[in-house]
$ cat data.cif   # mmCIF, C-alpha atoms and all ligand atoms
data_upload
#
loop_
_atom_site.group_PDB
_atom_site.id
_atom_site.type_symbol
_atom_site.label_atom_id
_atom_site.label_comp_id
_atom_site.auth_asym_id
_atom_site.auth_seq_id
_atom_site.Cartn_x
_atom_site.Cartn_y
_atom_site.Cartn_z
ATOM 1 C CA MET A 1 14.930 -20.196 -21.334
ATOM 2 C CA THR A 2 14.567 -20.925 -25.053
ATOM 3 C CA TYR A 3 14.450 -17.877 -27.331
ATOM 4 C CA ARG A 4 12.176 -18.268 -30.343
ATOM 5 C CA LEU A 5 12.836 -15.178 -32.410
ATOM 6 C CA PHE A 6 13.633 -16.776 -35.752
ATOM 7 C CA GLU A 7 10.424 -18.715 -36.335
ATOM 8 C CA GLY A 8 8.515 -16.812 -39.036
ATOM 9 C CA LYS A 9 8.622 -17.882 -42.683
ATOM 10 C CA ASP A 10 9.241 -14.318 -43.891
ATOM 11 C CA HIS A 11 12.063 -13.836 -41.419
ATOM 12 C CA ALA A 12 13.642 -17.123 -42.533
ATOM 13 C CA SER A 13 13.502 -16.129 -46.175
ATOM 14 C CA ILE A 14 15.144 -12.702 -45.674
ATOM 15 C CA TYR A 15 17.677 -14.452 -43.449
ATOM 16 C CA GLN A 16 18.653 -16.708 -46.318
ATOM 17 C CA LYS A 17 18.863 -13.767 -48.672
ATOM 18 C CA TYR A 18 20.728 -11.180 -46.630
ATOM 19 C CA ARG A 19 22.841 -12.889 -43.956
ATOM 20 C CA LEU A 20 26.443 -13.362 -44.921
ATOM 21 C CA PRO A 21 28.532 -16.488 -44.512
ATOM 22 C CA PRO A 22 31.469 -16.042 -42.143
ATOM 23 C CA PRO A 23 34.562 -14.875 -44.056
ATOM 24 C CA ASP A 24 37.195 -17.345 -45.257
ATOM 25 C CA GLU A 25 39.728 -15.773 -42.860
ATOM 26 C CA LEU A 26 37.635 -17.001 -39.949
ATOM 27 C CA LYS A 27 37.012 -20.424 -41.441
ATOM 28 C CA ASN A 28 40.761 -20.880 -41.967
ATOM 29 C CA ILE A 29 41.525 -19.921 -38.361
ATOM 30 C CA ILE A 30 39.061 -22.551 -37.125
ATOM 31 C CA LEU A 31 40.301 -25.325 -39.420
ATOM 32 C CA GLN A 32 43.921 -24.597 -38.533
ATOM 33 C CA TYR A 33 43.084 -24.691 -34.834
ATOM 34 C CA LEU A 34 41.355 -28.040 -35.294
ATOM 35 C CA ASP A 35 44.363 -29.377 -37.225
ATOM 36 C CA ASN A 36 46.739 -28.275 -34.466
ATOM 37 C CA LYS A 37 44.682 -29.625 -31.602
ATOM 38 C CA LYS A 38 43.135 -32.798 -32.973
ATOM 39 C CA GLY A 39 44.645 -33.314 -36.409
ATOM 40 C CA GLN A 40 43.113 -35.121 -39.356
ATOM 41 C CA PRO A 41 40.779 -36.671 -40.280
ATOM 42 C CA HIS A 42 37.971 -34.145 -40.123
ATOM 43 C CA VAL A 43 34.966 -36.415 -40.048
ATOM 44 C CA LEU A 44 31.972 -34.755 -38.396
ATOM 45 C CA ALA A 45 31.227 -31.052 -37.853
ATOM 46 C CA VAL A 46 28.093 -29.971 -36.034
ATOM 47 C CA ASP A 47 26.869 -26.410 -36.633
ATOM 48 C CA LEU A 48 24.507 -25.311 -33.861
ATOM 49 C CA GLY A 49 21.909 -22.597 -34.394
ATOM 50 C CA CYS A 50 22.706 -23.110 -38.077
ATOM 51 C CA GLY A 51 19.889 -20.833 -39.261
ATOM 52 C CA THR A 52 19.665 -20.934 -43.040
ATOM 53 C CA GLY A 53 22.997 -22.767 -43.270
ATOM 54 C CA GLN A 54 25.568 -20.093 -44.203
ATOM 55 C CA ASN A 55 28.221 -21.465 -41.845
ATOM 56 C CA SER A 56 27.279 -25.132 -42.390
ATOM 57 C CA ARG A 57 27.849 -24.751 -46.139
ATOM 58 C CA LEU A 58 31.239 -23.147 -45.528
ATOM 59 C CA LEU A 59 32.337 -26.234 -43.576
ATOM 60 C CA ALA A 60 30.990 -28.793 -46.055
ATOM 61 C CA ALA A 61 34.127 -29.016 -48.217
ATOM 62 C CA HIS A 62 36.309 -29.762 -45.189
ATOM 63 C CA PHE A 63 34.385 -32.540 -43.442
ATOM 64 C CA LYS A 64 33.019 -35.913 -44.401
ATOM 65 C CA GLN A 65 29.732 -34.942 -42.839
ATOM 66 C CA VAL A 66 28.201 -31.711 -41.511
ATOM 67 C CA VAL A 67 25.056 -31.621 -39.391
ATOM 68 C CA GLY A 68 23.270 -28.289 -38.971
ATOM 69 C CA ILE A 69 20.931 -28.042 -36.001
ATOM 70 C CA ASP A 70 18.379 -25.341 -35.259
ATOM 71 C CA ILE A 71 15.214 -25.020 -33.180
ATOM 72 C CA SER A 72 13.350 -23.271 -35.986
ATOM 73 C CA GLU A 73 11.842 -25.442 -38.719
ATOM 74 C CA CYS A 74 11.371 -22.395 -40.999
ATOM 75 C CA VAL A 75 15.086 -21.602 -41.239
ATOM 76 C CA LEU A 76 15.893 -25.287 -41.754
ATOM 77 C CA GLU A 77 13.491 -25.443 -44.712
ATOM 78 C CA GLU A 78 15.382 -22.541 -46.297
ATOM 79 C CA ALA A 79 18.716 -24.257 -45.601
ATOM 80 C CA ARG A 80 17.574 -27.566 -47.119
ATOM 81 C CA ALA A 81 16.409 -25.763 -50.272
ATOM 82 C CA VAL A 82 19.999 -24.755 -51.160
ATOM 83 C CA PRO A 83 21.246 -27.374 -53.652
ATOM 84 C CA GLY A 84 24.734 -28.813 -54.029
ATOM 85 C CA PHE A 85 25.703 -29.889 -50.504
ATOM 86 C CA PRO A 86 25.006 -33.637 -50.281
ATOM 87 C CA ASN A 87 27.127 -34.119 -47.134
ATOM 88 C CA ILE A 88 25.070 -31.656 -45.027
ATOM 89 C CA THR A 89 22.057 -32.844 -43.039
ATOM 90 C CA TYR A 90 19.802 -30.345 -41.301
ATOM 91 C CA ARG A 91 17.986 -31.451 -38.169
ATOM 92 C CA LYS A 92 15.537 -29.730 -35.897
ATOM 93 C CA GLY A 93 16.886 -29.738 -32.368
ATOM 94 C CA ARG A 94 18.341 -27.792 -29.486
ATOM 95 C CA ALA A 95 21.964 -26.972 -28.760
ATOM 96 C CA GLU A 96 21.321 -28.172 -25.215
ATOM 97 C CA GLU A 97 20.319 -31.740 -26.219
ATOM 98 C CA LEU A 98 22.485 -33.066 -28.996
ATOM 99 C CA PRO A 99 21.619 -36.262 -30.883
ATOM 100 C CA PHE A 100 25.202 -37.594 -30.954
ATOM 101 C CA SER A 101 26.963 -40.208 -28.887
ATOM 102 C CA ASP A 102 29.765 -39.356 -26.454
ATOM 103 C CA GLY A 103 33.088 -38.484 -28.101
ATOM 104 C CA SER A 104 31.810 -38.631 -31.696
ATOM 105 C CA VAL A 105 32.189 -35.072 -33.064
ATOM 106 C CA ASP A 106 35.365 -33.407 -34.395
ATOM 107 C CA LEU A 107 34.148 -29.795 -34.419
ATOM 108 C CA VAL A 108 31.197 -27.989 -32.838
ATOM 109 C CA THR A 109 30.528 -24.508 -34.216
ATOM 110 C CA ALA A 110 27.960 -21.827 -33.528
ATOM 111 C CA SER A 111 28.000 -18.778 -35.783
ATOM 112 C CA THR A 112 26.283 -15.705 -34.290
ATOM 113 C CA ALA A 113 24.159 -18.177 -32.373
ATOM 114 C CA ALA A 114 25.657 -19.378 -29.061
ATOM 115 C CA HIS A 115 24.500 -16.254 -27.188
ATOM 116 C CA TRP A 116 20.939 -17.575 -27.667
ATOM 117 C CA PHE A 117 21.671 -20.908 -25.957
ATOM 118 C CA ASP A 118 21.387 -21.957 -22.316
ATOM 119 C CA HIS A 119 25.112 -21.637 -21.653
ATOM 120 C CA SER A 120 25.730 -24.304 -19.038
ATOM 121 C CA ARG A 121 23.574 -26.956 -20.693
ATOM 122 C CA PHE A 122 25.008 -26.264 -24.133
ATOM 123 C CA LEU A 123 28.613 -26.362 -22.881
ATOM 124 C CA ALA A 124 27.955 -29.633 -21.048
ATOM 125 C CA GLU A 125 26.527 -31.166 -24.242
ATOM 126 C CA ALA A 126 29.355 -29.863 -26.441
ATOM 127 C CA SER A 127 31.877 -31.335 -23.957
ATOM 128 C CA ARG A 128 30.085 -34.669 -24.002
ATOM 129 C CA VAL A 129 29.879 -35.094 -27.792
ATOM 130 C CA LEU A 130 33.354 -33.823 -28.755
ATOM 131 C CA LYS A 131 36.140 -36.307 -29.409
ATOM 132 C CA PRO A 132 39.284 -35.900 -27.277
ATOM 133 C CA GLY A 133 41.154 -33.009 -28.922
ATOM 134 C CA GLY A 134 37.944 -32.044 -30.723
ATOM 135 C CA CYS A 135 37.216 -28.317 -30.896
ATOM 136 C CA LEU A 136 34.562 -25.790 -30.127
ATOM 137 C CA ALA A 137 34.412 -22.625 -32.236
ATOM 138 C CA LEU A 138 32.005 -19.870 -31.230
ATOM 139 C CA LEU A 139 32.155 -17.108 -33.777
ATOM 140 C CA GLY A 140 30.323 -13.964 -34.663
ATOM 141 C CA TYR A 141 30.624 -10.237 -35.253
ATOM 142 C CA THR A 142 29.605 -7.146 -33.362
ATOM 143 C CA LEU A 143 26.952 -4.864 -34.756
ATOM 144 C CA THR A 144 28.386 -1.835 -32.956
ATOM 145 C CA LYS A 145 31.729 -1.832 -34.734
ATOM 146 C CA ILE A 146 30.601 -1.767 -38.393
ATOM 147 C CA ARG A 147 32.291 0.944 -40.476
ATOM 148 C CA PHE A 148 31.316 2.154 -43.943
ATOM 149 C CA HIS A 149 33.375 3.656 -46.748
ATOM 150 C CA TYR A 150 32.051 5.249 -49.906
ATOM 151 C CA GLN A 151 34.305 7.849 -51.482
ATOM 152 C CA ASN A 152 34.717 10.440 -48.701
ATOM 153 C CA TYR A 153 31.443 9.762 -46.939
ATOM 154 C CA GLY A 154 32.462 7.109 -44.401
ATOM 155 C CA ASP A 155 31.865 9.025 -41.149
ATOM 156 C CA ARG A 156 28.472 10.307 -42.203
ATOM 157 C CA LEU A 157 27.324 6.841 -43.244
ATOM 158 C CA ASP A 158 28.576 5.440 -39.909
ATOM 159 C CA HIS A 159 26.489 8.096 -38.203
ATOM 160 C CA ILE A 160 23.273 7.113 -40.023
ATOM 161 C CA TYR A 161 23.924 3.467 -39.203
ATOM 162 C CA GLN A 162 24.472 4.289 -35.508
ATOM 163 C CA GLU A 163 21.201 6.228 -35.463
ATOM 164 C CA VAL A 164 19.336 3.163 -36.767
ATOM 165 C CA LYS A 165 20.937 1.070 -34.029
ATOM 166 C CA GLN A 166 19.892 3.698 -31.492
ATOM 167 C CA VAL A 167 16.219 3.435 -32.532
ATOM 168 C CA LEU A 168 16.400 -0.325 -32.035
ATOM 169 C CA ILE A 169 18.132 -0.315 -28.632
ATOM 170 C CA PRO A 170 14.864 -0.697 -26.682
ATOM 171 C CA TYR A 171 14.149 -3.866 -28.704
ATOM 172 C CA THR A 172 17.591 -5.396 -28.201
ATOM 173 C CA SER A 173 17.452 -8.587 -26.173
ATOM 174 C CA ASN A 174 20.048 -9.573 -23.622
ATOM 175 C CA PRO A 175 21.583 -12.289 -25.854
ATOM 176 C CA VAL A 176 22.258 -9.785 -28.662
ATOM 177 C CA ALA A 177 24.012 -7.520 -26.153
ATOM 178 C CA GLN A 178 26.134 -10.546 -25.182
ATOM 179 C CA CYS A 179 27.112 -11.022 -28.803
ATOM 180 C CA ASP A 180 28.243 -7.403 -28.889
ATOM 181 C CA SER A 181 30.516 -8.227 -25.933
ATOM 182 C CA LYS A 182 31.957 -11.010 -28.128
ATOM 183 C CA GLN A 183 30.344 -13.661 -25.916
ATOM 184 C CA GLU A 184 32.774 -12.880 -23.117
ATOM 185 C CA GLU A 185 30.695 -14.562 -20.404
ATOM 186 C CA LEU A 186 30.236 -17.677 -22.474
ATOM 187 C CA TYR A 187 33.965 -17.825 -23.230
ATOM 188 C CA SER A 188 34.764 -17.660 -19.502
ATOM 189 C CA ALA A 189 32.363 -20.539 -18.872
ATOM 190 C CA ILE A 190 33.991 -22.916 -21.407
ATOM 191 C CA PRO A 191 35.209 -25.735 -19.159
ATOM 192 C CA PHE A 192 38.342 -26.689 -21.174
ATOM 193 C CA PRO A 193 41.706 -25.337 -19.928
ATOM 194 C CA ASP A 194 42.963 -25.129 -23.508
ATOM 195 C CA LYS A 195 41.085 -22.165 -24.962
ATOM 196 C CA GLU A 196 41.819 -19.070 -26.985
ATOM 197 C CA ARG A 197 39.928 -15.858 -27.611
ATOM 198 C CA ILE A 198 40.442 -13.922 -30.837
ATOM 199 C CA GLU A 199 38.624 -10.668 -30.286
ATOM 200 C CA CYS A 200 39.186 -8.709 -33.414
ATOM 201 C CA ILE A 201 39.332 -9.954 -36.979
ATOM 202 C CA GLN A 202 38.608 -6.981 -39.233
ATOM 203 C CA VAL A 203 37.187 -7.985 -42.579
ATOM 204 C CA LYS A 204 36.427 -5.567 -45.404
ATOM 205 C CA SER A 205 34.034 -6.424 -48.194
ATOM 206 C CA PHE A 206 31.445 -4.779 -50.415
ATOM 207 C CA ILE A 207 27.720 -4.579 -49.896
ATOM 208 C CA THR A 208 24.970 -2.896 -51.880
ATOM 209 C CA LEU A 209 22.750 -0.457 -50.071
ATOM 210 C CA LYS A 210 19.783 -2.740 -50.827
ATOM 211 C CA ASN A 211 21.514 -5.642 -49.087
ATOM 212 C CA LEU A 212 22.494 -3.493 -46.120
ATOM 213 C CA VAL A 213 18.836 -2.549 -45.611
ATOM 214 C CA GLY A 214 17.930 -6.256 -45.976
ATOM 215 C CA PHE A 215 20.595 -7.153 -43.413
ATOM 216 C CA ILE A 216 19.111 -4.680 -40.907
ATOM 217 C CA GLU A 217 15.706 -6.231 -41.558
ATOM 218 C CA THR A 218 17.053 -9.655 -40.456
ATOM 219 C CA TRP A 219 18.036 -8.405 -36.976
ATOM 220 C CA SER A 220 15.992 -9.830 -34.131
ATOM 221 C CA MET A 221 15.616 -6.319 -32.666
ATOM 222 C CA PHE A 222 14.269 -5.018 -35.959
ATOM 223 C CA GLN A 223 11.776 -7.908 -36.033
ATOM 224 C CA ALA A 224 10.743 -7.094 -32.446
ATOM 225 C CA TYR A 225 10.198 -3.439 -33.451
ATOM 226 C CA LYS A 226 8.187 -4.538 -36.496
ATOM 227 C CA LYS A 227 5.979 -6.693 -34.323
ATOM 228 C CA LYS A 228 5.185 -3.728 -32.112
ATOM 229 C CA ASP A 229 4.837 -1.076 -34.822
ATOM 230 C CA PRO A 230 4.948 -2.415 -38.412
ATOM 231 C CA GLN A 231 4.480 1.007 -40.003
ATOM 232 C CA ALA A 232 7.281 2.664 -38.028
ATOM 233 C CA ALA A 233 9.593 -0.290 -38.741
ATOM 234 C CA ASN A 234 8.902 -0.105 -42.451
ATOM 235 C CA ASP A 235 9.475 3.666 -42.392
ATOM 236 C CA LEU A 236 12.793 3.127 -40.617
ATOM 237 C CA LEU A 237 14.024 0.946 -43.492
ATOM 238 C CA LEU A 238 12.769 3.314 -46.198
ATOM 239 C CA ASN A 239 14.210 6.298 -44.412
ATOM 240 C CA THR A 240 17.568 4.599 -43.876
ATOM 241 C CA GLU A 241 17.818 3.764 -47.560
ATOM 242 C CA LYS A 242 16.906 7.342 -48.518
ATOM 243 C CA ARG A 243 19.402 8.880 -46.095
ATOM 244 C CA PHE A 244 22.216 6.665 -47.385
ATOM 245 C CA LEU A 245 21.307 7.499 -51.016
ATOM 246 C CA ASP A 246 21.220 11.232 -50.274
ATOM 247 C CA GLU A 247 24.489 11.141 -48.368
ATOM 248 C CA MET A 248 26.235 9.135 -51.089
ATOM 249 C CA GLY A 249 24.772 11.342 -53.837
ATOM 250 C CA VAL A 250 23.410 8.390 -55.824
ATOM 251 C CA THR A 251 19.950 7.158 -56.788
ATOM 252 C CA SER A 252 20.339 3.388 -57.052
ATOM 253 C CA PRO A 253 20.051 1.081 -54.021
ATOM 254 C CA ASP A 254 22.255 -1.310 -56.005
ATOM 255 C CA THR A 255 25.179 1.045 -55.402
ATOM 256 C CA GLU A 256 27.985 -0.775 -53.613
ATOM 257 C CA MET A 257 29.917 0.556 -50.659
ATOM 258 C CA GLU A 258 32.698 -0.940 -48.623
ATOM 259 C CA TRP A 259 31.954 -2.045 -45.094
ATOM 260 C CA GLU A 260 34.206 -3.366 -42.415
ATOM 261 C CA LEU A 261 32.962 -5.897 -39.904
ATOM 262 C CA GLU A 262 34.701 -6.900 -36.717
ATOM 263 C CA TYR A 263 34.501 -10.649 -36.197
ATOM 264 C CA PHE A 264 35.493 -12.604 -33.086
ATOM 265 C CA CYS A 265 36.121 -16.264 -32.469
ATOM 266 C CA ASN A 266 36.214 -18.158 -29.184
ATOM 267 C CA LEU A 267 38.073 -21.436 -29.583
ATOM 268 C CA ALA A 268 38.592 -24.353 -27.211
ATOM 269 C CA SER A 269 39.822 -27.905 -27.405
ATOM 270 C CA LYS A 270 38.606 -30.825 -25.303
ATOM 271 C CA PRO A 271 41.416 -32.437 -23.278
ATOM 272 C CA LYS A 272 42.891 -35.617 -24.831
HETATM 273 C C1 LIG A 301 21.282 -15.149 -35.301
HETATM 274 S S1 LIG A 301 20.785 -16.705 -35.931
HETATM 275 C C2 LIG A 301 22.316 -17.330 -36.636
HETATM 276 C C3 LIG A 301 22.116 -18.257 -37.780
HETATM 277 C C4 LIG A 301 23.365 -18.707 -38.532
HETATM 278 N N1 LIG A 301 24.214 -19.521 -37.699
HETATM 279 C C5 LIG A 301 24.142 -17.560 -39.124
HETATM 280 O O1 LIG A 301 25.370 -17.496 -38.912
HETATM 281 O O2 LIG A 301 23.574 -16.728 -39.841
HETATM 282 C C6 LIG A 301 20.589 -17.683 -34.484
HETATM 283 C C7 LIG A 301 19.964 -19.039 -34.750
HETATM 284 O O3 LIG A 301 20.032 -19.810 -33.545
HETATM 285 C C8 LIG A 301 18.825 -20.573 -33.433
HETATM 286 N N2 LIG A 301 18.677 -20.952 -32.014
HETATM 287 C C9 LIG A 301 18.360 -20.147 -30.976
HETATM 288 N N3 LIG A 301 18.352 -20.846 -29.827
HETATM 289 C C10 LIG A 301 18.702 -22.137 -30.147
HETATM 290 C C11 LIG A 301 18.903 -23.325 -29.389
HETATM 291 N N4 LIG A 301 18.729 -23.326 -28.080
HETATM 292 N N5 LIG A 301 19.265 -24.443 -30.049
HETATM 293 C C12 LIG A 301 19.431 -24.440 -31.407
HETATM 294 N N6 LIG A 301 19.254 -23.347 -32.164
HETATM 295 C C13 LIG A 301 18.898 -22.203 -31.555
HETATM 296 C C14 LIG A 301 17.751 -19.643 -33.969
HETATM 297 O O4 LIG A 301 16.580 -20.330 -34.369
HETATM 298 C C15 LIG A 301 18.480 -18.968 -35.137
HETATM 299 O O5 LIG A 301 18.276 -19.634 -36.349
#
$ encode --input "data.cif" --output "structure tokens"
Amino acid sequence: MTYRLFEGKDHASIYQKYRLPPPDELKNIILQYLDNKKGQPHVLAVDLGCGTGQNSRLLAAHFKQVVGIDISECVLEEARAVPGFPNITYRKGRAEELPFSDGSVDLVTASTAAHWFDHSRFLAEASRVLKPGGCLALLGYTLTKIRFHYQNYGDRLDHIYQEVKQVLIPYTSNPVAQCDSKQEELYSAIPFPDKERIECIQVKSFITLKNLVGFIETWSMFQAYKKKDPQAANDLLLNTEKRFLDEMGVTSPDTEMEWELEYFCNLASKPK
């Protein structure tokens, strides 16, 4: 089954605006793994389900060439519009049918994306195109484990966030639930004996309330809710912003708070 939940132009544009690139900590883990398993040179990285290109751009400085692939033309248009990355090419395509010859790719990544793919067909394709020693890195973060800190109001902010998630549970698709399990099933199915699962990389950073609300708006379950009841979905965002403002005792949605995300990374290396 192919999921097509990231097709709208509006969704693509908020995606570009509010989705974060993976943190440097995670990028460094992946590059170090690739160095250990395959070594230099790093020629070609393929970023599957690249969306608006956040992860592809992160890889650009470390590879001769990066190819981002996604089934949605709308997100690719947004990715192509970001200037300054001449060694990235974005192509429309599916993770299950890759346009590369056997043994030609150094690194295959999928950032918060592989749970949407047909697992067995994607893993067979990734195995085919990777060079011997080449690596697979399936990364992401869980939406259940986000924690907020603003002065002394952390727990109460966490509670509001959990209530928003609760409203959206009925609209949560099976793949998103798999991402929350850190793609455990997919990791088990990786056919390489040399694999490693890093389940918990805690990363703290700052986010404005406005961007947090925008981030929630990018979720596929929020978009599913909006499709069913646009007014209620809009009210959920407005209400969330208001509740955070009230709890924090501020008036500006540009107020920054700290948030802590829990990333994971499933790594594997093709036998030499
Ligand atoms: C949650 S988004 C992640 C985007 C980006 N990698 C990021 O880190 O923000 C998932 C992306 O996977 C794409 N996608 C879903 N199924 C796919 C498939 N079978 N092949 C390629 N891309 C796919 C969607 O169109 C969407 O852009």
$ closest_residue --input "data.cif" --among "A:Gln166, A:Asn87, A:Ser127, A:Gln54" --to "Lys272 in chain A" --atoms "only C-alpha atoms"
A:Ser127
$ closest_atom_pairs --input "data.cif" --of "chain A" --to "ligand LIG 301 (chain A)" --cutoff "6 Å" --atoms "only C-alpha atoms and all ligand atoms" --output "Markdown table"
| residue | atom | partner | partner_atom | distance |
| --- | --- | --- | --- | --- |
| A:Thr2 | CA | A:LIG301 | N4 | 5.7 |
| A:Tyr3 | CA | A:LIG301 | N3 | 5.5 |
| A:Phe6 | CA | A:LIG301 | O4 | 4.8 |
| A:Arg19 | CA | A:LIG301 | O2 | 5.7 |
| A:Leu48 | CA | A:LIG301 | C12 | 5.7 |
| A:Gly49 | CA | A:LIG301 | O3 | 3.5 |
| A:Cys50 | CA | A:LIG301 | N1 | 3.9 |
| A:Gly51 | CA | A:LIG301 | O5 | 3.5 |
| A:Gln54 | CA | A:LIG301 | C5 | 5.9 |
| A:Asn55 | CA | A:LIG301 | O1 | 5.7 |
| A:Asp70 | CA | A:LIG301 | N6 | 3.8 |
| A:Ile71 | CA | A:LIG301 | N6 | 4.5 |
| A:Ser72 | CA | A:LIG301 | O4 | 4.7 |
| A:Gly93 | CA | A:LIG301 | C12 | 6.0 |
| A:Arg94 | CA | A:LIG301 | N5 | 3.5 |
| A:Ala95 | CA | A:LIG301 | N5 | 3.9 |
| A:Ser111 | CA | A:LIG301 | O1 | 4.3 |
| A:Thr112 | CA | A:LIG301 | C2 | 4.9 |
| A:Ala113 | CA | A:LIG301 | C6 | 4.2 |
| A:Trp116 | CA | A:LIG301 | N3 | 4.7 |
| A:Phe117 | CA | A:LIG301 | N4 | 4.4 |
$ resolve_selection --input "data.cif" --expression "the PyMOL selection byres (((chain A and resi 214) around 10) and not hetatm)" --output "ChimeraX atom specification"
/A:14-15,17-19,208-213,215-219,237
$ closest_residue --input "data.cif" --among "A:Glu185, A:Glu258, A:Glu163, A:Glu78" --to "Asn239 in chain A" --atoms "only C-alpha atoms"
A:Glu163
$ closest_residue --input "data.cif" --among "A:Thr240, A:Leu20, A:Glu97, A:Tyr263" --to "Leu143 in chain A" --atoms "all atoms listed in the file"
A:Tyr263
$ atom_distance --input "data.cif" --atom1 "CA of Ser104 in chain A" --atom2 "CA of Ser188 in chain A"
24.4 Å
$ residues_around --input "data.cif" --residues "range 26-29 of chain A" --least-positions-apart "3" --cutoff "12 Å" --atoms "all atoms listed in the file" --output "PyMOL selection string"
chain A and resi 21-23+32-36+54-62+109+111+137-141+196-203+262-267
$ write_last_selection --input "data.cif" --atoms "C-alpha atoms" --output "CSV table (one decimal), in the frame of the given file"
chain,number,residue,atom,x,y,z
A,21,PRO,CA,28.5,-16.5,-44.5
A,22,PRO,CA,31.5,-16.0,-42.1
A,23,PRO,CA,34.6,-14.9,-44.1
A,32,GLN,CA,43.9,-24.6,-38.5
A,33,TYR,CA,43.1,-24.7,-34.8
A,34,LEU,CA,41.4,-28.0,-35.3
A,35,ASP,CA,44.4,-29.4,-37.2
A,36,ASN,CA,46.7,-28.3,-34.5
A,54,GLN,CA,25.6,-20.1,-44.2
A,55,ASN,CA,28.2,-21.5,-41.8
A,56,SER,CA,27.3,-25.1,-42.4
A,57,ARG,CA,27.8,-24.8,-46.1
A,58,LEU,CA,31.2,-23.1,-45.5
A,59,LEU,CA,32.3,-26.2,-43.6
A,60,ALA,CA,31.0,-28.8,-46.1
A,61,ALA,CA,34.1,-29.0,-48.2
A,62,HIS,CA,36.3,-29.8,-45.2
A,109,THR,CA,30.5,-24.5,-34.2
A,111,SER,CA,28.0,-18.8,-35.8
A,137,ALA,CA,34.4,-22.6,-32.2
A,138,LEU,CA,32.0,-19.9,-31.2
A,139,LEU,CA,32.2,-17.1,-33.8
A,140,GLY,CA,30.3,-14.0,-34.7
A,141,TYR,CA,30.6,-10.2,-35.3
A,196,GLU,CA,41.8,-19.1,-27.0
A,197,ARG,CA,39.9,-15.9,-27.6
A,198,ILE,CA,40.4,-13.9,-30.8
A,199,GLU,CA,38.6,-10.7,-30.3
A,200,CYS,CA,39.2,-8.7,-33.4
A,201,ILE,CA,39.3,-10.0,-37.0
A,202,GLN,CA,38.6,-7.0,-39.2
A,203,VAL,CA,37.2,-8.0,-42.6
A,262,GLU,CA,34.7,-6.9,-36.7
A,263,TYR,CA,34.5,-10.6,-36.2
A,264,PHE,CA,35.5,-12.6,-33.1
A,265,CYS,CA,36.1,-16.3,-32.5
A,266,ASN,CA,36.2,-18.2,-29.2
A,267,LEU,CA,38.1,-21.4,-29.6
$ resolve_selection --input "data.cif" --expression "the PyMOL selection byres (((chain A and resi 260) around 9) and not hetatm)" --output "VMD selection string"
chain A and resid 145 to 149 202 to 206 258 to 259 261 to 262
$ closest_residue --input "data.cif" --among "A:Glu25, A:Leu76, A:Leu44, A:Ile207" --to "Lys9 in chain A" --atoms "only C-alpha atoms"
A:Leu76
$ closest_residue --input "data.cif" --among "A:Lys131, A:Lys195, A:His42, A:Lys226" --to "Leu168 in chain A" --atoms "all atoms listed in the file"
A:Lys226
$ resolve_selection --input "data.cif" --expression "the PyMOL selection byres (((chain A and resi 134) around 6) and not hetatm)" --output "list in words"
Lys38, Asp106, Leu107, Leu130, Lys131, Pro132, Gly133, Cys135, Ser269 and Lys270 of chain A
$ closest_residue --input "data.cif" --among "A:Ala79, A:Ala224, A:Val46, A:Ile30" --to "Ala126 in chain A" --atoms "only C-alpha atoms"
A:Val46
$ atom_distance --input "data.cif" --atom1 "CA of Pro170 in chain A" --atom2 "CA of Met248 in chain A"
28.7 Å
$ residues_near_point --input "data.cif" --point "(23.6, -7.3, -29.0)" --cutoff "10 Å" --atoms "all atoms listed in the file" --output "PyMOL selection string"
chain A and resi 115+141-144+169+172-183+219-221
$ atom_distance --input "data.cif" --atom1 "CA of Gly68 in chain A" --atom2 "CA of Pro271 in chain A"
24.3 Å
$ residues_around --input "data.cif" --residues "Ile190 in chain A" --least-positions-apart "4" --cutoff "9 Å" --atoms "only C-alpha atoms" --output "list in words"
His119, Ser120, Leu123, Leu186, Lys195 and Ala268 of chain A
$ build_atoms --input "data.cif" --residues "range 32-37 of chain A" --atoms "N, CA, C and O atoms" --output "CSV table (one decimal), in the frame of the given file"
chain,number,residue,atom,x,y,z
A,32,GLN,N,42.5,-24.5,-39.0
A,32,GLN,CA,43.9,-24.6,-38.5
A,32,GLN,C,44.0,-25.0,-37.0
A,32,GLN,O,44.8,-25.8,-36.6
A,33,TYR,N,43.1,-24.4,-36.3
A,33,TYR,CA,43.1,-24.7,-34.8
A,33,TYR,C,42.7,-26.2,-34.6
A,33,TYR,O,43.4,-26.9,-33.9
A,34,LEU,N,41.8,-26.6,-35.4
A,34,LEU,CA,41.4,-28.0,-35.3
A,34,LEU,C,42.5,-29.0,-35.7
A,34,LEU,O,42.8,-30.0,-35.1
A,35,ASP,N,43.2,-28.6,-36.8
A,35,ASP,CA,44.4,-29.4,-37.2
A,35,ASP,C,45.4,-29.5,-36.1
A,35,ASP,O,46.0,-30.5,-35.9
A,36,ASN,N,45.7,-28.3,-35.5
A,36,ASN,CA,46.7,-28.3,-34.5
A,36,ASN,C,46.4,-29.1,-33.3
A,36,ASN,O,47.2,-29.8,-32.7
A,37,LYS,N,45.1,-29.0,-32.9
A,37,LYS,CA,44.7,-29.6,-31.6
A,37,LYS,C,44.3,-31.1,-31.8
A,37,LYS,O,44.6,-31.9,-30.9
